[in-house]
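Participant: Input: one structure, supplied below.
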Amino acid sequence: MKIIRRKALALFAGLAAAAVTLPTGFAQAADMPAPLDNPGDVKIALVRYLSTGDFFQAYLSGVEKQAAALGVDLRVLDSRQDAALQADMVDQAIALGVDGIIIQHGLTESMQEAAQRALDAGIKVVAFDVDVENDAIPQIEQSDYLLGKLALEQAVKDNGTEWNAGYVYVPGIAPLDRRHTAWEEFKAANPGVVEKAQMGTLDNPIANSNANQARSVLQANPDISVFFAPYDEFAKGVKIAVDEAGLSQDVKIYSADVSTADISAMREPDSAWAATVATNPAVVGEVSVRALAIMLTGDNPGAQVVVPPTLITQAFLVENDIKNMEDLSAKMPQFAHADVAMTEWMPLPAR
């Protein structure tokens with residue numbers, strides 16, 4: 001992908017529209033190490049590549065709540081899947097004099113040099129689901145490989161080891177690439193599973209764009225009985241196409257990530273969406289801020305900060321009458337909180 005630099009004037013306009021500043025609070029500040037003992041003087045930035053979909057809204061909510069619990073000044077910069085703009089937004093965060101940056105998704109080729117520029121400016125950086133290929137930058141992960149592996153194990157449990165598959169994938173996005181590794185290993189270990197078609201796009205709106213592709217795939221491959229769609233917006237798109245084709249009882253969908261809207265879709269009568277594997281995106285957002293806060297105090301959260309995922313089946317949702325993320329957290333305590341990137345002094349958001 002060719003990266004085109006944006007003019008500074010356009011960037012400042014986008015920055016003004018996208019920046020969000022949270023009110024600072026000083027609860028528990030005296031118990032925190034410097035510089036968080038004066039949290040109102042600490043500025044951090046979240047630089048986003050992907051923001052469309054329930055997962056990313058929940059992730060942002062987690063970032064905001066943990067930042068508010070710490071009392072720091074948070075700026076949110078949203079490039080809306082513009083790789084060049086995301087890289088330039090890192091530069092704008094540097095110009096703002098932030099103390100720390102969370103890079104959320106993006107492309108290695110565009111973010112690697114931008115992340116290094118932040119480090120050169122003395123700014124602490126963590127990266128969520130984007131590989132910036134820098135040992136000084138901790139990677140916040142959902143164990144994406146395990147997300148894919150657990151979903152595929154459930155697909156075998158439900159369908160056996162011989163079926164024709166549709167697969168949704170967009171290369172170059174770190175979490176999708178890690179889930180892709182699980183898919184390739186799964187196919188090698190299960191020769192009775194035949195990949196009949198591969199599709200996928202991140203064009204907005206993501207679900208509808210993938211529904212358009214899935215319609216063509218299903219028309220060309222009526223023998224597909226399982227879709228592996230390891231991102232919930234992909235799964236939504238496939239489900240739209242499956243429902244329109246009247247195949248909801250003939251095709252099963254296995255995904256990653258979850259939201260209240262996903263739960264509703266999975267619980268529909270005869271829904272094709274059989275299972276997903278997920279972490280709580282709000283919890284992942286909280287962990288991202290906590291890892292950055294640990295770095296700001298001079299400590300190290302570790303090279304990889306992994307939030308463990310949970311298998312969520314359609315049957316479990318129905319049997320436990322789970323209707324939203326709050327119900328899911330209540331029935332799955334491991335989903336509500338991750339004891340990751342924690343310290344004795346770390347304040348947590350109110351539950």
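Chain labels run A, B, ... following the order of the structure tokens; each chain numbers its residues from 1, and ligands are numbered from 1 in the order shown.
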Residues within 7 Å of region 188-203 of chain A, please, as number ranges by chain. Count only C-alpha atoms; anything in the same chain fewer than 2 positions from it doesn't count.
Facilitator: A: 161-170, 184-186, 205-206, 209-210, 213, 217
Participant: Filtering to N, CA, C and O atoms, could you give me those residues as a tab-separated table (two decimals), in the first residue's frame?
Facilitator:
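So result09.tsv came out as:
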chain	number	residue	atom	x	y	z
A	161	THR	N	-15.19	-33.35	10.83
A	161	THR	CA	-13.90	-32.97	10.21
A	161	THR	C	-13.95	-32.92	8.69
A	161	THR	O	-12.90	-32.79	8.04
A	162	GLU	N	-15.13	-33.00	8.12
A	162	GLU	CA	-15.24	-32.92	6.66
A	162	GLU	C	-16.36	-31.95	6.29
A	162	GLU	O	-17.53	-32.25	6.47
A	163	TRP	N	-15.97	-30.79	5.78
A	163	TRP	CA	-16.95	-29.82	5.32
A	163	TRP	C	-16.29	-28.80	4.38
A	163	TRP	O	-15.07	-28.65	4.36
A	164	ASN	N	-17.13	-28.16	3.59
A	164	ASN	CA	-16.68	-27.12	2.67
A	164	ASN	C	-16.84	-25.76	3.35
A	164	ASN	O	-17.88	-25.47	3.93
A	165	ALA	N	-15.79	-24.96	3.25
A	165	ALA	CA	-15.73	-23.73	4.03
A	165	ALA	C	-15.62	-22.49	3.16
A	165	ALA	O	-14.97	-22.49	2.11
A	166	GLY	N	-16.23	-21.42	3.65
A	166	GLY	CA	-15.95	-20.07	3.19
A	166	GLY	C	-15.10	-19.39	4.25
A	166	GLY	O	-15.28	-19.64	5.45
A	167	TYR	N	-14.19	-18.55	3.84
A	167	TYR	CA	-13.25	-17.93	4.78
A	167	TYR	C	-13.17	-16.45	4.49
A	167	TYR	O	-13.04	-16.02	3.34
A	168	VAL	N	-13.25	-15.64	5.55
A	168	VAL	CA	-13.20	-14.19	5.42
A	168	VAL	C	-11.89	-13.69	6.02
A	168	VAL	O	-11.61	-13.92	7.20
A	169	TYR	N	-11.11	-12.98	5.21
A	169	TYR	CA	-9.77	-12.57	5.65
A	169	TYR	C	-9.30	-11.37	4.86
A	169	TYR	O	-9.48	-11.28	3.64
A	170	VAL	N	-8.69	-10.41	5.55
A	170	VAL	CA	-8.01	-9.28	4.93
A	170	VAL	C	-6.59	-9.27	5.46
A	170	VAL	O	-6.37	-9.07	6.66
A	184	GLU	N	-4.70	-21.67	8.79
A	184	GLU	CA	-3.80	-22.45	7.94
A	184	GLU	C	-3.37	-23.73	8.66
A	184	GLU	O	-3.33	-24.81	8.03
A	185	GLU	N	-3.08	-23.63	9.94
A	185	GLU	CA	-2.71	-24.83	10.69
A	185	GLU	C	-3.89	-25.79	10.80
A	185	GLU	O	-3.71	-27.01	10.71
A	186	PHE	N	-5.06	-25.25	10.97
A	186	PHE	CA	-6.26	-26.08	11.08
A	186	PHE	C	-6.51	-26.85	9.78
A	186	PHE	O	-6.79	-28.05	9.80
A	205	PRO	N	-19.47	0.61	5.02
A	205	PRO	CA	-19.65	-0.09	6.29
A	205	PRO	C	-19.21	-1.56	6.14
A	205	PRO	O	-19.60	-2.23	5.18
A	206	ILE	N	-18.40	-2.03	7.08
A	206	ILE	CA	-17.72	-3.31	6.91
A	206	ILE	C	-18.69	-4.47	6.77
A	206	ILE	O	-18.54	-5.32	5.88
A	209	SER	N	-20.45	-4.33	3.34
A	209	SER	CA	-19.51	-4.60	2.24
A	209	SER	C	-19.20	-6.09	2.16
A	209	SER	O	-19.10	-6.66	1.06
A	210	ASN	N	-19.05	-6.75	3.31
A	210	ASN	CA	-18.80	-8.19	3.30
A	210	ASN	C	-20.05	-8.99	2.94
A	210	ASN	O	-19.94	-10.06	2.34
A	213	GLN	N	-20.02	-9.34	-0.77
A	213	GLN	CA	-19.10	-10.38	-1.24
A	213	GLN	C	-19.64	-11.77	-0.92
A	213	GLN	O	-19.54	-12.70	-1.73
A	217	VAL	N	-20.22	-15.30	-3.13
A	217	VAL	CA	-19.57	-16.55	-2.74
A	217	VAL	C	-20.59	-17.67	-2.59
A	217	VAL	O	-20.38	-18.79	-3.07
Participant: From the DSSP assignment of the backbone, select every residue of region 155-248 of chain A that is strand (DSSP E or B), and format the answer as a list in words.
Facilitator: Trp163, Asn164, Ala165, Gly166, Tyr167, Val168, Val193, Val194, Glu195, Lys196, Ala197, Gln198, Met199, Val226, Phe227, Phe228 and Ala229 of chain A
Participant: Write out as a CSV table (one decimal) with N, CA and C atoms, in the first residue's frame which residues come within 7 Å of region 240-243 of chain A when counting only C-alpha atoms, dropping same-chain ones fewer than 3 positions away.
Facilitator:
chain,number,residue,atom,x,y,z
A,211,ALA,N,-21.2,-8.5,3.3
A,211,ALA,CA,-22.5,-9.1,2.8
A,211,ALA,C,-22.5,-9.2,1.3
A,214,ALA,N,-20.2,-11.9,0.3
A,214,ALA,CA,-20.7,-13.3,0.7
A,214,ALA,C,-21.9,-13.7,-0.2
A,215,ARG,N,-22.7,-12.8,-0.7
A,215,ARG,CA,-23.8,-13.2,-1.6
A,215,ARG,C,-23.2,-13.9,-2.9
A,236,LYS,N,-21.2,-10.6,10.8
A,236,LYS,CA,-22.5,-9.9,10.5
A,236,LYS,C,-22.8,-9.9,9.0
A,237,GLY,N,-21.8,-9.6,8.2
A,237,GLY,CA,-22.0,-9.5,6.8
A,237,GLY,C,-22.3,-10.9,6.2
A,246,GLY,N,-31.8,-17.6,2.5
A,246,GLY,CA,-32.6,-18.6,3.1
A,246,GLY,C,-31.8,-19.9,3.5
A,247,LEU,N,-30.6,-19.7,3.9
A,247,LEU,CA,-29.7,-20.8,4.2
A,247,LEU,C,-29.3,-20.8,5.7
A,248,SER,N,-30.1,-20.2,6.6
A,248,SER,CA,-29.7,-20.0,8.0
A,248,SER,C,-29.7,-21.4,8.7
Participant: Between CA of Ser51 (chain A) and CA of Ile137 (chain A), what is the distance in Å, rounded to a tenth?
Facilitator: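 Spanning CA of Ser51 (chain A) to CA of Ile137 (chain A) is a straight-line distance of 21.9 Å.
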Participant: Can you tell me how far CA of Leu77 (chain A) sits from CA of Arg48 (chain A), in Å to one decimal?
Facilitator: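 These two atoms are separated by 6.1 Å.
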Participant: Write out as number ranges by chain each polymer residue whose atoms come within 12 Å of Lys239 (chain A), counting only C-alpha atoms; drop sequence neighbours fewer than 3 positions from it.
Facilitator: A: 207-208, 210-215, 218, 226-229, 232-236, 242-255, 262, 265-266, 268, 270-274
Participant: Write out as JSON, numbers by chain which residues come within 8 Å of Val258 (chain A) when counting only C-alpha atoms, dropping same-chain ones fewer than 4 positions away.
Facilitator: {"A": [55, 232, 262, 263, 276, 277, 278, 279, 280]}
Participant: Would you write out those residues with N, CA and C atoms, as a PDB file, in the first residue's frame?
Facilitator:
ATOM      1  N   PHE A  55     -17.246  -3.504  18.554  1.00  0.00           N
ATOM      2  CA  PHE A  55     -16.016  -3.846  19.270  1.00  0.00           C
ATOM      3  C   PHE A  55     -15.203  -2.588  19.560  1.00  0.00           C
ATOM      4  N   ASP A 232     -16.151  -9.964  14.143  1.00  0.00           N
ATOM      5  CA  ASP A 232     -17.607  -9.965  14.213  1.00  0.00           C
ATOM      6  C   ASP A 232     -18.269  -9.148  13.111  1.00  0.00           C
ATOM      7  N   ASP A 262     -24.082  -8.493  18.542  1.00  0.00           N
ATOM      8  CA  ASP A 262     -23.716  -9.854  18.134  1.00  0.00           C
ATOM      9  C   ASP A 262     -24.533 -10.887  18.904  1.00  0.00           C
ATOM     10  N   ILE A 263     -24.676 -10.673  20.204  1.00  0.00           N
ATOM     11  CA  ILE A 263     -25.442 -11.598  21.042  1.00  0.00           C
ATOM     12  C   ILE A 263     -26.873 -11.698  20.522  1.00  0.00           C
ATOM     13  N   THR A 276     -18.706 -17.732  18.831  1.00  0.00           N
ATOM     14  CA  THR A 276     -17.646 -16.744  18.688  1.00  0.00           C
ATOM     15  C   THR A 276     -16.687 -16.919  19.854  1.00  0.00           C
ATOM     16  N   VAL A 277     -15.485 -16.419  19.702  1.00  0.00           N
ATOM     17  CA  VAL A 277     -14.489 -16.446  20.772  1.00  0.00           C
ATOM     18  C   VAL A 277     -14.043 -15.003  20.979  1.00  0.00           C
ATOM     19  N   ALA A 278     -14.054 -14.563  22.235  1.00  0.00           N
ATOM     20  CA  ALA A 278     -13.865 -13.134  22.438  1.00  0.00           C
ATOM     21  C   ALA A 278     -13.254 -12.814  23.789  1.00  0.00           C
ATOM     22  N   THR A 279     -12.645 -11.666  23.832  1.00  0.00           N
ATOM     23  CA  THR A 279     -12.367 -10.975  25.078  1.00  0.00           C
ATOM     24  C   THR A 279     -13.372  -9.837  25.170  1.00  0.00           C
ATOM     25  N   ASN A 280     -13.499  -9.264  26.346  1.00  0.00           N
ATOM     26  CA  ASN A 280     -14.348  -8.094  26.510  1.00  0.00           C
ATOM     27  C   ASN A 280     -13.576  -6.891  25.974  1.00  0.00           C
TER      28      ASN A 280
END
Participant: Mind the document's chain letters and residue numbers, and return as a VMD selection string the residues of region 67-248 of chain A that DSSP labels alpha helix (DSSP H).
Facilitator: chain A and resid 67 to 70 83 to 96 108 to 120 144 to 159 174 to 189 206 to 220 232 to 244
